[in-house]
>>> print(open('final01.pdb').read())   # PDB, C-alpha atoms
ATOM      1  CA  MET A   1       0.000   0.000   0.000  1.00  0.00           C
ATOM      2  CA  ARG A   2       1.241   3.464  -0.905  1.00  0.00           C
ATOM      3  CA  LEU A   3       0.393   6.430   1.322  1.00  0.00           C
ATOM      4  CA  VAL A   4       0.788   9.936  -0.061  1.00  0.00           C
ATOM      5  CA  ILE A   5      -0.075  13.133   1.791  1.00  0.00           C
ATOM      6  CA  ALA A   6      -0.302  16.026  -0.632  1.00  0.00           C
ATOM      7  CA  ARG A   7      -1.858  19.360  -1.408  1.00  0.00           C
ATOM      8  CA  CYS A   8      -4.079  18.357  -4.270  1.00  0.00           C
ATOM      9  CA  SER A   9      -7.301  18.842  -6.165  1.00  0.00           C
ATOM     10  CA  VAL A  10      -9.345  15.876  -7.377  1.00  0.00           C
ATOM     11  CA  ASP A  11     -11.828  15.472 -10.228  1.00  0.00           C
ATOM     12  CA  TYR A  12     -14.000  12.433 -10.920  1.00  0.00           C
ATOM     13  CA  VAL A  13     -14.943  12.288 -14.607  1.00  0.00           C
ATOM     14  CA  GLY A  14     -17.297   9.739 -16.182  1.00  0.00           C
ATOM     15  CA  ARG A  15     -20.867   8.709 -15.505  1.00  0.00           C
ATOM     16  CA  LEU A  16     -20.871  11.361 -12.804  1.00  0.00           C
ATOM     17  CA  LYS A  17     -18.713  14.405 -12.186  1.00  0.00           C
ATOM     18  CA  ALA A  18     -17.351  15.571  -8.849  1.00  0.00           C
ATOM     19  CA  HIS A  19     -14.708  18.108  -7.858  1.00  0.00           C
ATOM     20  CA  LEU A  20     -12.616  18.431  -4.698  1.00  0.00           C
ATOM     21  CA  PRO A  21     -10.870  21.823  -4.523  1.00  0.00           C
ATOM     22  CA  LEU A  22      -7.261  22.285  -3.455  1.00  0.00           C
ATOM     23  CA  ALA A  23      -6.538  20.996   0.072  1.00  0.00           C
ATOM     24  CA  ILE A  24      -4.206  18.681   1.968  1.00  0.00           C
ATOM     25  CA  ARG A  25      -5.411  15.070   1.693  1.00  0.00           C
ATOM     26  CA  LEU A  26      -4.329  11.482   2.172  1.00  0.00           C
ATOM     27  CA  LEU A  27      -4.126   9.399  -1.015  1.00  0.00           C
ATOM     28  CA  LEU A  28      -4.214   5.617  -0.590  1.00  0.00           C
ATOM     29  CA  VAL A  29      -3.080   3.467  -3.500  1.00  0.00           C
ATOM     30  CA  LYS A  30      -3.852  -0.166  -2.681  1.00  0.00           C
ATOM     31  CA  ALA A  31      -2.378  -3.327  -4.147  1.00  0.00           C
ATOM     32  CA  ASP A  32      -5.777  -4.334  -5.561  1.00  0.00           C
ATOM     33  CA  GLY A  33      -5.724  -1.253  -7.816  1.00  0.00           C
ATOM     34  CA  SER A  34      -8.109   0.911  -5.831  1.00  0.00           C
ATOM     35  CA  VAL A  35      -7.322   4.544  -5.041  1.00  0.00           C
ATOM     36  CA  LEU A  36      -9.000   6.351  -2.141  1.00  0.00           C
ATOM     37  CA  VAL A  37      -8.921  10.048  -1.253  1.00  0.00           C
ATOM     38  CA  HIS A  38      -9.290  10.863   2.453  1.00  0.00           C
ATOM     39  CA  SER A  39      -9.517  14.039   4.508  1.00  0.00           C
ATOM     40  CA  ASP A  40      -8.838  14.392   8.220  1.00  0.00           C
ATOM     41  CA  GLY A  41     -12.563  14.397   9.000  1.00  0.00           C
ATOM     42  CA  GLY A  42     -15.664  12.537   7.926  1.00  0.00           C
ATOM     43  CA  SER A  43     -14.927   9.337   9.830  1.00  0.00           C
ATOM     44  CA  TYR A  44     -13.797   6.376   7.724  1.00  0.00           C
ATOM     45  CA  LYS A  45     -15.530   7.381   4.511  1.00  0.00           C
ATOM     46  CA  PRO A  46     -13.274   8.507   1.626  1.00  0.00           C
ATOM     47  CA  LEU A  47     -14.120  11.764  -0.124  1.00  0.00           C
ATOM     48  CA  ASN A  48     -13.800  10.014  -3.470  1.00  0.00           C
ATOM     49  CA  TRP A  49     -12.313   6.803  -4.831  1.00  0.00           C
ATOM     50  CA  MET A  50     -11.786   4.520  -7.796  1.00  0.00           C
ATOM     51  CA  SER A  51     -12.684   0.864  -7.424  1.00  0.00           C
ATOM     52  CA  PRO A  52     -10.521  -1.947  -8.805  1.00  0.00           C
ATOM     53  CA  PRO A  53      -9.558  -2.979 -11.382  1.00  0.00           C
ATOM     54  CA  ALA A  54      -7.908   0.326 -12.233  1.00  0.00           C
ATOM     55  CA  THR A  55      -4.542   1.654 -13.362  1.00  0.00           C
ATOM     56  CA  VAL A  56      -2.656   4.686 -12.069  1.00  0.00           C
ATOM     57  CA  ARG A  57      -0.717   6.679 -14.642  1.00  0.00           C
ATOM     58  CA  ARG A  58       1.502   9.680 -13.947  1.00  0.00           C
ATOM     59  CA  THR A  59       1.208  12.348 -16.630  1.00  0.00           C
ATOM     60  CA  THR A  60       2.765  15.716 -17.320  1.00  0.00           C
ATOM     61  CA  PRO A  61       0.331  18.516 -16.422  1.00  0.00           C
ATOM     62  CA  ALA A  62      -0.805  20.863 -19.184  1.00  0.00           C
ATOM     63  CA  GLN A  63       0.997  24.200 -19.481  1.00  0.00           C
ATOM     64  CA  THR A  64      -1.868  26.090 -17.834  1.00  0.00           C
ATOM     65  CA  GLU A  65      -1.834  23.616 -14.939  1.00  0.00           C
ATOM     66  CA  LEU A  66       1.945  23.976 -14.563  1.00  0.00           C
ATOM     67  CA  GLU A  67       1.530  27.733 -14.368  1.00  0.00           C
ATOM     68  CA  GLU A  68      -1.068  27.231 -11.615  1.00  0.00           C
ATOM     69  CA  GLY A  69       1.453  25.226  -9.584  1.00  0.00           C
ATOM     70  CA  VAL A  70       0.567  21.612 -10.430  1.00  0.00           C
ATOM     71  CA  ARG A  71       3.730  19.519 -10.085  1.00  0.00           C
ATOM     72  CA  GLU A  72       2.361  16.093 -10.897  1.00  0.00           C
ATOM     73  CA  GLN A  73      -0.856  14.634 -12.246  1.00  0.00           C
ATOM     74  CA  TRP A  74      -2.277  11.168 -11.607  1.00  0.00           C
ATOM     75  CA  VAL A  75      -4.890   9.708 -13.909  1.00  0.00           C
ATOM     76  CA  VAL A  76      -6.637   6.745 -12.312  1.00  0.00           C
ATOM     77  CA  GLN A  77      -8.462   4.891 -15.082  1.00  0.00           C
ATOM     78  CA  SER A  78     -11.150   2.294 -14.438  1.00  0.00           C
ATOM     79  CA  ALA A  79     -10.608  -0.927 -16.404  1.00  0.00           C
ATOM     80  CA  LYS A  80     -14.366  -1.538 -16.747  1.00  0.00           C
ATOM     81  CA  THR A  81     -15.702   1.899 -17.666  1.00  0.00           C
ATOM     82  CA  ASP A  82     -14.547   5.273 -18.986  1.00  0.00           C
ATOM     83  CA  ASP A  83     -14.542   6.697 -15.453  1.00  0.00           C
ATOM     84  CA  ARG A  84     -11.373   8.507 -14.395  1.00  0.00           C
ATOM     85  CA  LEU A  85     -10.082  10.015 -11.187  1.00  0.00           C
ATOM     86  CA  ILE A  86      -7.754  12.922 -11.977  1.00  0.00           C
ATOM     87  CA  ILE A  87      -5.532  14.036  -9.097  1.00  0.00           C
ATOM     88  CA  ASN A  88      -3.505  17.229  -9.496  1.00  0.00           C
ATOM     89  CA  ILE A  89      -0.687  17.335  -6.934  1.00  0.00           C
ATOM     90  CA  TYR A  90       0.639  20.774  -6.033  1.00  0.00           C
ATOM     91  CA  GLU A  91       2.881  19.726  -3.149  1.00  0.00           C
ATOM     92  CA  GLN A  92       3.818  16.314  -1.800  1.00  0.00           C
ATOM     93  CA  LEU A  93       4.310  16.204   1.978  1.00  0.00           C
ATOM     94  CA  HIS A  94       4.750  12.460   2.491  1.00  0.00           C
ATOM     95  CA  ASP A  95       5.221   9.347   0.352  1.00  0.00           C
ATOM     96  CA  SER A  96       5.708   5.832   1.716  1.00  0.00           C
ATOM     97  CA  SER A  97       4.942   2.258   0.671  1.00  0.00           C
ATOM     98  CA  HIS A  98       4.211  -0.684   2.939  1.00  0.00           C
ATOM     99  CA  ASP A  99       3.685  -4.392   2.336  1.00  0.00           C
ATOM    100  CA  LEU A 100       0.744  -5.355   4.541  1.00  0.00           C
ATOM    101  CA  GLY A 101       0.825  -9.030   3.592  1.00  0.00           C
ATOM    102  CA  VAL A 102      -2.235 -11.247   3.336  1.00  0.00           C
ATOM    103  CA  ASP A 103      -5.098 -10.088   5.533  1.00  0.00           C
ATOM    104  CA  PRO A 104      -6.903 -12.881   7.423  1.00  0.00           C
ATOM    105  CA  GLY A 105     -10.232 -11.089   6.951  1.00  0.00           C
ATOM    106  CA  LEU A 106     -12.839  -9.768   9.330  1.00  0.00           C
ATOM    107  CA  ILE A 107     -13.780 -12.031  12.206  1.00  0.00           C
ATOM    108  CA  LYS A 108     -17.343 -11.126  13.040  1.00  0.00           C
ATOM    109  CA  ASP A 109     -19.180 -11.244  16.308  1.00  0.00           C
ATOM    110  CA  GLY A 110     -20.717 -14.711  16.663  1.00  0.00           C
ATOM    111  CA  VAL A 111     -24.271 -13.431  16.609  1.00  0.00           C
ATOM    112  CA  GLU A 112     -23.649 -11.255  13.538  1.00  0.00           C
ATOM    113  CA  ALA A 113     -22.079 -14.184  11.697  1.00  0.00           C
ATOM    114  CA  ASP A 114     -25.064 -16.380  12.609  1.00  0.00           C
ATOM    115  CA  LEU A 115     -27.516 -13.682  11.513  1.00  0.00           C
ATOM    116  CA  GLN A 116     -25.798 -13.490   8.150  1.00  0.00           C
ATOM    117  CA  ARG A 117     -25.876 -17.268   7.683  1.00  0.00           C
ATOM    118  CA  LEU A 118     -29.505 -17.552   8.796  1.00  0.00           C
ATOM    119  CA  LEU A 119     -30.732 -14.635   6.695  1.00  0.00           C
ATOM    120  CA  ALA A 120     -28.978 -16.033   3.622  1.00  0.00           C
ATOM    121  CA  ALA A 121     -30.741 -19.357   4.217  1.00  0.00           C
ATOM    122  CA  GLN A 122     -34.059 -17.588   4.937  1.00  0.00           C
ATOM    123  CA  ILE A 123     -33.783 -14.880   2.309  1.00  0.00           C
ATOM    124  CA  HIS A 124     -37.586 -14.711   2.127  1.00  0.00           C
ATOM    125  CA  THR A 125     -37.367 -12.785   5.428  1.00  0.00           C
ATOM    126  CA  LEU A 126     -36.512  -9.758   3.288  1.00  0.00           C
ATOM    127  CA  GLY A 127     -39.721 -10.178   1.302  1.00  0.00           C
ATOM    128  CA  GLU A 128     -41.575 -12.440  -1.054  1.00  0.00           C
ATOM    129  CA  GLY A 129     -39.686 -13.271  -4.233  1.00  0.00           C
ATOM    130  CA  PHE A 130     -36.207 -12.425  -2.915  1.00  0.00           C
ATOM    131  CA  THR A 131     -33.262 -14.540  -4.095  1.00  0.00           C
ATOM    132  CA  LEU A 132     -29.699 -14.644  -2.783  1.00  0.00           C
ATOM    133  CA  ILE A 133     -26.844 -13.481  -5.009  1.00  0.00           C
ATOM    134  CA  ARG A 134     -24.152 -14.177  -2.447  1.00  0.00           C
ATOM    135  CA  ARG A 135     -22.905 -13.607   1.094  1.00  0.00           C
ATOM    136  CA  GLU A 136     -19.838 -11.434   1.743  1.00  0.00           C
ATOM    137  CA  TYR A 137     -19.996  -9.724  -1.649  1.00  0.00           C
ATOM    138  CA  PHE A 138     -16.513  -8.265  -2.148  1.00  0.00           C
ATOM    139  CA  THR A 139     -15.964  -4.554  -2.795  1.00  0.00           C
ATOM    140  CA  ALA A 140     -12.877  -2.372  -2.669  1.00  0.00           C
ATOM    141  CA  ILE A 141     -13.960  -0.967   0.697  1.00  0.00           C
ATOM    142  CA  GLY A 142     -15.059  -4.178   2.383  1.00  0.00           C
ATOM    143  CA  PRO A 143     -17.534  -7.028   2.011  1.00  0.00           C
ATOM    144  CA  VAL A 144     -21.277  -6.402   1.775  1.00  0.00           C
ATOM    145  CA  ASP A 145     -22.954  -8.850   4.184  1.00  0.00           C
ATOM    146  CA  ILE A 146     -25.611 -10.026   1.741  1.00  0.00           C
ATOM    147  CA  LEU A 147     -26.355  -9.119  -1.851  1.00  0.00           C
ATOM    148  CA  ALA A 148     -29.774 -10.209  -3.113  1.00  0.00           C
ATOM    149  CA  ARG A 149     -32.375  -9.610  -5.812  1.00  0.00           C
ATOM    150  CA  ASP A 150     -35.950  -8.622  -5.051  1.00  0.00           C
ATOM    151  CA  ALA A 151     -39.070  -9.883  -6.814  1.00  0.00           C
ATOM    152  CA  THR A 152     -38.640  -7.300  -9.599  1.00  0.00           C
ATOM    153  CA  GLY A 153     -35.013  -8.249 -10.236  1.00  0.00           C
ATOM    154  CA  GLY A 154     -33.578  -5.203  -8.470  1.00  0.00           C
ATOM    155  CA  THR A 155     -30.322  -5.479  -6.537  1.00  0.00           C
ATOM    156  CA  VAL A 156     -30.488  -5.178  -2.748  1.00  0.00           C
ATOM    157  CA  ALA A 157     -27.495  -4.742  -0.420  1.00  0.00           C
ATOM    158  CA  VAL A 158     -28.036  -5.833   3.188  1.00  0.00           C
ATOM    159  CA  GLU A 159     -25.907  -4.689   6.122  1.00  0.00           C
ATOM    160  CA  LEU A 160     -26.338  -6.814   9.250  1.00  0.00           C
ATOM    161  CA  LYS A 161     -25.697  -5.751  12.827  1.00  0.00           C
ATOM    162  CA  ARG A 162     -26.559  -7.142  16.222  1.00  0.00           C
ATOM    163  CA  ARG A 163     -27.351  -3.623  17.396  1.00  0.00           C
ATOM    164  CA  GLY A 164     -27.939  -1.134  14.609  1.00  0.00           C
ATOM    165  CA  ASP A 165     -26.626   2.383  15.103  1.00  0.00           C
ATOM    166  CA  ILE A 166     -25.715   5.373  12.941  1.00  0.00           C
ATOM    167  CA  ASP A 167     -22.271   3.969  12.073  1.00  0.00           C
ATOM    168  CA  GLY A 168     -23.944   0.937  10.495  1.00  0.00           C
ATOM    169  CA  VAL A 169     -26.141   3.164   8.324  1.00  0.00           C
ATOM    170  CA  GLU A 170     -23.076   5.166   7.281  1.00  0.00           C
ATOM    171  CA  GLN A 171     -21.303   1.933   6.368  1.00  0.00           C
ATOM    172  CA  LEU A 172     -24.209   0.769   4.212  1.00  0.00           C
ATOM    173  CA  THR A 173     -24.432   4.207   2.575  1.00  0.00           C
ATOM    174  CA  ARG A 174     -20.789   3.911   1.573  1.00  0.00           C
ATOM    175  CA  TYR A 175     -21.382   0.463   0.054  1.00  0.00           C
ATOM    176  CA  LEU A 176     -24.433   1.716  -1.865  1.00  0.00           C
ATOM    177  CA  GLU A 177     -22.514   4.640  -3.336  1.00  0.00           C
ATOM    178  CA  LEU A 178     -19.869   2.231  -4.615  1.00  0.00           C
ATOM    179  CA  LEU A 179     -22.244  -0.497  -5.838  1.00  0.00           C
ATOM    180  CA  ASN A 180     -24.370   2.013  -7.735  1.00  0.00           C
ATOM    181  CA  ARG A 181     -21.336   2.860  -9.866  1.00  0.00           C
ATOM    182  CA  ASP A 182     -21.475  -0.648 -11.320  1.00  0.00           C
ATOM    183  CA  PRO A 183     -23.873  -0.649 -14.299  1.00  0.00           C
ATOM    184  CA  LEU A 184     -24.350  -4.410 -13.923  1.00  0.00           C
ATOM    185  CA  LEU A 185     -25.801  -3.932 -10.433  1.00  0.00           C
ATOM    186  CA  ALA A 186     -27.358  -0.465 -10.436  1.00  0.00           C
ATOM    187  CA  PRO A 187     -29.767   0.621  -9.207  1.00  0.00           C
ATOM    188  CA  VAL A 188     -28.968  -0.876  -5.797  1.00  0.00           C
ATOM    189  CA  ARG A 189     -31.142  -0.183  -2.761  1.00  0.00           C
ATOM    190  CA  GLY A 190     -30.227  -0.898   0.847  1.00  0.00           C
ATOM    191  CA  VAL A 191     -31.671  -2.789   3.774  1.00  0.00           C
ATOM    192  CA  PHE A 192     -30.279  -2.200   7.278  1.00  0.00           C
ATOM    193  CA  ALA A 193     -31.072  -5.290   9.362  1.00  0.00           C
ATOM    194  CA  ALA A 194     -30.404  -5.834  13.066  1.00  0.00           C
ATOM    195  CA  GLN A 195     -31.868  -7.321  16.224  1.00  0.00           C
ATOM    196  CA  GLN A 196     -32.244  -3.813  17.605  1.00  0.00           C
ATOM    197  CA  ILE A 197     -32.081  -0.553  15.652  1.00  0.00           C
ATOM    198  CA  LYS A 198     -31.591   2.719  17.474  1.00  0.00           C
ATOM    199  CA  PRO A 199     -34.157   5.461  16.733  1.00  0.00           C
ATOM    200  CA  GLN A 200     -31.462   7.833  15.434  1.00  0.00           C
ATOM    201  CA  ALA A 201     -30.256   5.157  13.025  1.00  0.00           C
ATOM    202  CA  LYS A 202     -33.804   4.619  11.730  1.00  0.00           C
ATOM    203  CA  VAL A 203     -34.248   8.328  11.085  1.00  0.00           C
ATOM    204  CA  LEU A 204     -30.947   8.505   9.176  1.00  0.00           C
ATOM    205  CA  ALA A 205     -31.741   5.350   7.200  1.00  0.00           C
ATOM    206  CA  VAL A 206     -35.176   6.606   6.143  1.00  0.00           C
ATOM    207  CA  ASP A 207     -33.658   9.952   5.142  1.00  0.00           C
ATOM    208  CA  ARG A 208     -31.252   8.099   2.838  1.00  0.00           C
ATOM    209  CA  GLY A 209     -33.876   5.819   1.353  1.00  0.00           C
ATOM    210  CA  ILE A 210     -32.665   2.752   3.253  1.00  0.00           C
ATOM    211  CA  GLU A 211     -35.185   0.235   4.582  1.00  0.00           C
ATOM    212  CA  CYS A 212     -34.862  -0.969   8.189  1.00  0.00           C
ATOM    213  CA  LEU A 213     -35.591  -4.553   9.193  1.00  0.00           C
ATOM    214  CA  THR A 214     -35.673  -5.844  12.783  1.00  0.00           C
ATOM    215  CA  LEU A 215     -34.623  -9.500  12.991  1.00  0.00           C
ATOM    216  CA  ASP A 216     -35.851 -12.036  15.556  1.00  0.00           C
ATOM    217  CA  TYR A 217     -32.708 -14.079  16.145  1.00  0.00           C
ATOM    218  CA  ASP A 218     -34.395 -16.793  18.227  1.00  0.00           C
ATOM    219  CA  ALA A 219     -37.198 -17.255  15.709  1.00  0.00           C
ATOM    220  CA  MET A 220     -34.696 -17.494  12.859  1.00  0.00           C
ATOM    221  CA  ARG A 221     -32.809 -20.186  14.776  1.00  0.00           C
ATOM    222  CA  GLY A 222     -36.051 -22.060  15.438  1.00  0.00           C
ATOM    223  CA  VAL A 223     -35.652 -21.639  19.205  1.00  0.00           C
ATOM    224  CA  ASP A 224     -38.689 -19.398  19.663  1.00  0.00           C
ATOM    225  CA  ASP A 225     -42.084 -20.423  18.294  1.00  0.00           C
ATOM    226  CA  THR A 226     -43.581 -17.067  17.303  1.00  0.00           C
ATOM    227  CA  SER A 227     -46.974 -18.655  16.553  1.00  0.00           C
ATOM    228  CA  SER A 228     -47.453 -19.532  20.212  1.00  0.00           C
ATOM    229  CA  ARG A 229     -46.896 -15.996  21.519  1.00  0.00           C
ATOM    230  CA  LEU A 230     -49.699 -13.946  23.019  1.00  0.00           C
ATOM    231  CA  PHE A 231     -47.754 -10.750  22.225  1.00  0.00           C
TER     232      PHE A 231
END
>>> encode(input="final01.pdb", output="structure tokens")
Amino acid sequence: MRLVIARCSVDYVGRLKAHLPLAIRLLLVKADGSVLVHSDGGSYKPLNWMSPPATVRRTTPAQTELEEGVREQWVVQSAKTDDRLIINIYEQLHDSSHDLGVDPGLIKDGVEADLQRLLAAQIHTLGEGFTLIRREYFTAIGPVDILARDATGGTVAVELKRRGDIDGVEQLTRYLELLNRDPLLAPVRGVFAAQQIKPQAKVLAVDRGIECLTLDYDAMRGVDDTSSRLF
């Protein structure tokens, strides 16, 4: 992994356009080909990124850009689409590379892992006509717990938590932003599923068009017979 801290501006050009004005940022170039642009705020979410597979090419800035103070330009080109991330570097403050080795992967809380397995096996819990695409759907920023299709054929990304809070909604939002860049999957809607969901998380989820689903862990395991309950 390469870590570069630089004064830079960033432009995303392609199916959508976005501009980050000149500021000091952290640029992460990962071995899988992804490039992420981070600021010192905003929690874990990058300001912009390019998903793998992608190539990073250093180019000579145009004369007008050189006159403005651009010293180096990176063009990050997606291998699947015409999307590009153009990074104009005005000043480089740090540059280092590190071999992180093979990551063993995320070891989930036992209940969360069970919820994922059970929901995948009981995908109808999400609604009639749902089918499973796969568990742990890989993305450049982490695995989506469950990717499914609804009765109309639409793609649905599910984030599972034992206790759902705002951070979980933020995490799902980040996945949805990335998945919706893939024309083979888009449009992708989200479902935030947990045993308990905090009121603040529900409000944020609804505001972002994300459905909330409360899961009955015991019923899904077959321990609790919901048909025999009075309440």
>>> resolve_selection(input="final01.pdb", expression="the PyMOL selection byres ((chain A and resi 10) around 9)", output="count of residues only")
16
>>> resolve_selection(input="final01.pdb", expression="the PyMOL selection byres ((chain A and resi 51-56) around 6)", output="list in words")
Gly33, Ser34, Met50, Arg57, Val75, Val76, Gln77, Ser78, Ala79 and Ala140 of chain A
>>> write_last_selection(input="final01.pdb", atoms="C-alpha atoms", output="PDB file, in the frame of the given file")
ATOM      1  CA  GLY A  33      -5.724  -1.253  -7.816  1.00  0.00           C
ATOM      2  CA  SER A  34      -8.109   0.911  -5.831  1.00  0.00           C
ATOM      3  CA  MET A  50     -11.786   4.520  -7.796  1.00  0.00           C
ATOM      4  CA  ARG A  57      -0.717   6.679 -14.642  1.00  0.00           C
ATOM      5  CA  VAL A  75      -4.890   9.708 -13.909  1.00  0.00           C
ATOM      6  CA  VAL A  76      -6.637   6.745 -12.312  1.00  0.00           C
ATOM      7  CA  GLN A  77      -8.462   4.891 -15.082  1.00  0.00           C
ATOM      8  CA  SER A  78     -11.150   2.294 -14.438  1.00  0.00           C
ATOM      9  CA  ALA A  79     -10.608  -0.927 -16.404  1.00  0.00           C
ATOM     10  CA  ALA A 140     -12.877  -2.372  -2.669  1.00  0.00           C
TER      11      ALA A 140
END
>>> closest_residue(input="final01.pdb", among="A:Val29, A:Ala186, A:Leu179, A:Leu118", to="Gly142 of chain A", atoms="only C-alpha atoms")
A:Leu179
>>> closest_residue(input="final01.pdb", among="A:Gln171, A:Ser96, A:Gln122, A:Thr59", to="Pro46 of chain A", atoms="all atoms listed in the file")
A:Gln171
>>> resolve_selection(input="final01.pdb", expression="the PyMOL selection byres ((chain A and resi 72) around 8)", output="PDB file with C-alpha atoms, in the frame of the given file")
ATOM      1  CA  ARG A  58       1.502   9.680 -13.947  1.00  0.00           C
ATOM      2  CA  THR A  59       1.208  12.348 -16.630  1.00  0.00           C
ATOM      3  CA  THR A  60       2.765  15.716 -17.320  1.00  0.00           C
ATOM      4  CA  PRO A  61       0.331  18.516 -16.422  1.00  0.00           C
ATOM      5  CA  VAL A  70       0.567  21.612 -10.430  1.00  0.00           C
ATOM      6  CA  ARG A  71       3.730  19.519 -10.085  1.00  0.00           C
ATOM      7  CA  GLN A  73      -0.856  14.634 -12.246  1.00  0.00           C
ATOM      8  CA  TRP A  74      -2.277  11.168 -11.607  1.00  0.00           C
ATOM      9  CA  ASN A  88      -3.505  17.229  -9.496  1.00  0.00           C
ATOM     10  CA  ILE A  89      -0.687  17.335  -6.934  1.00  0.00           C
ATOM     11  CA  TYR A  90       0.639  20.774  -6.033  1.00  0.00           C
TER      12      TYR A  90
END
>>> atom_distance(input="final01.pdb", atom1="atom CA of Val158 of chain A", atom2="atom CA of Val188 of chain A")
10.3 Å
>>> residues_around(input="final01.pdb", residues="Leu172 of chain A", least_positions_apart="3", cutoff="9 Å", atoms="all atoms listed in the file", output="PyMOL selection string")
chain A and resi 144+157-159+167-169+175-177+190-192+210
>>> residues_around(input="final01.pdb", residues="Asp150 of chain A", least_positions_apart="6", cutoff="8 Å", atoms="only C-alpha atoms", output="PyMOL selection string")
chain A and resi 127-131+156
>>> closest_residue(input="final01.pdb", among="A:His124, A:Arg189, A:Arg162, A:Arg7", to="Glu211 of chain A", atoms="only C-alpha atoms")
A:Arg189
>>> closest_residue(input="final01.pdb", among="A:Asp145, A:Ala120, A:Ala201, A:Val35", to="Asp165 of chain A", atoms="only C-alpha atoms")
A:Ala201
>>> closest_residue(input="final01.pdb", among="A:Asp103, A:Leu213, A:Leu26, A:Met1", to="Thr125 of chain A", atoms="all atoms listed in the file")
A:Leu213
>>> decode(input="final01.pdb", residues="segment 51-56 of chain A", atoms="all heavy atoms", output="short mmCIF file (atom, residue, chain, number, x, y, z; two decimals), in the first residue's frame")
data_model
loop_
_atom_site.label_atom_id
_atom_site.label_comp_id
_atom_site.auth_asym_id
_atom_site.auth_seq_id
_atom_site.Cartn_x
_atom_site.Cartn_y
_atom_site.Cartn_z
N SER A 51 -12.65 2.28 -7.79
CA SER A 51 -12.68 0.86 -7.42
C SER A 51 -11.80 0.05 -8.37
O SER A 51 -11.60 0.43 -9.53
CB SER A 51 -14.11 0.33 -7.48
OG SER A 51 -14.96 1.12 -6.69
N PRO A 52 -11.29 -1.08 -7.91
CA PRO A 52 -10.52 -1.95 -8.81
C PRO A 52 -11.45 -2.70 -9.75
O PRO A 52 -12.64 -2.86 -9.44
CB PRO A 52 -9.83 -2.91 -7.84
CG PRO A 52 -10.76 -3.00 -6.67
CD PRO A 52 -11.37 -1.63 -6.55
N PRO A 53 -10.93 -3.16 -10.90
CA PRO A 53 -9.56 -2.98 -11.38
C PRO A 53 -9.37 -1.59 -11.99
O PRO A 53 -10.27 -1.07 -12.66
CB PRO A 53 -9.42 -4.07 -12.45
CG PRO A 53 -10.82 -4.27 -12.96
CD PRO A 53 -11.73 -4.04 -11.80
N ALA A 54 -8.22 -1.01 -11.72
CA ALA A 54 -7.91 0.33 -12.23
C ALA A 54 -6.39 0.46 -12.37
O ALA A 54 -5.63 -0.28 -11.74
CB ALA A 54 -8.46 1.41 -11.30
N THR A 55 -5.97 1.39 -13.19
CA THR A 55 -4.54 1.65 -13.36
C THR A 55 -4.26 3.11 -13.01
O THR A 55 -5.08 4.00 -13.26
CB THR A 55 -4.09 1.39 -14.81
OG1 THR A 55 -4.89 2.17 -15.71
CG2 THR A 55 -4.25 -0.09 -15.15
N VAL A 56 -3.08 3.34 -12.43
CA VAL A 56 -2.66 4.69 -12.07
C VAL A 56 -1.52 5.10 -13.00
O VAL A 56 -0.51 4.40 -13.11
CB VAL A 56 -2.17 4.76 -10.61
CG1 VAL A 56 -1.77 6.19 -10.25
CG2 VAL A 56 -3.25 4.26 -9.65
#
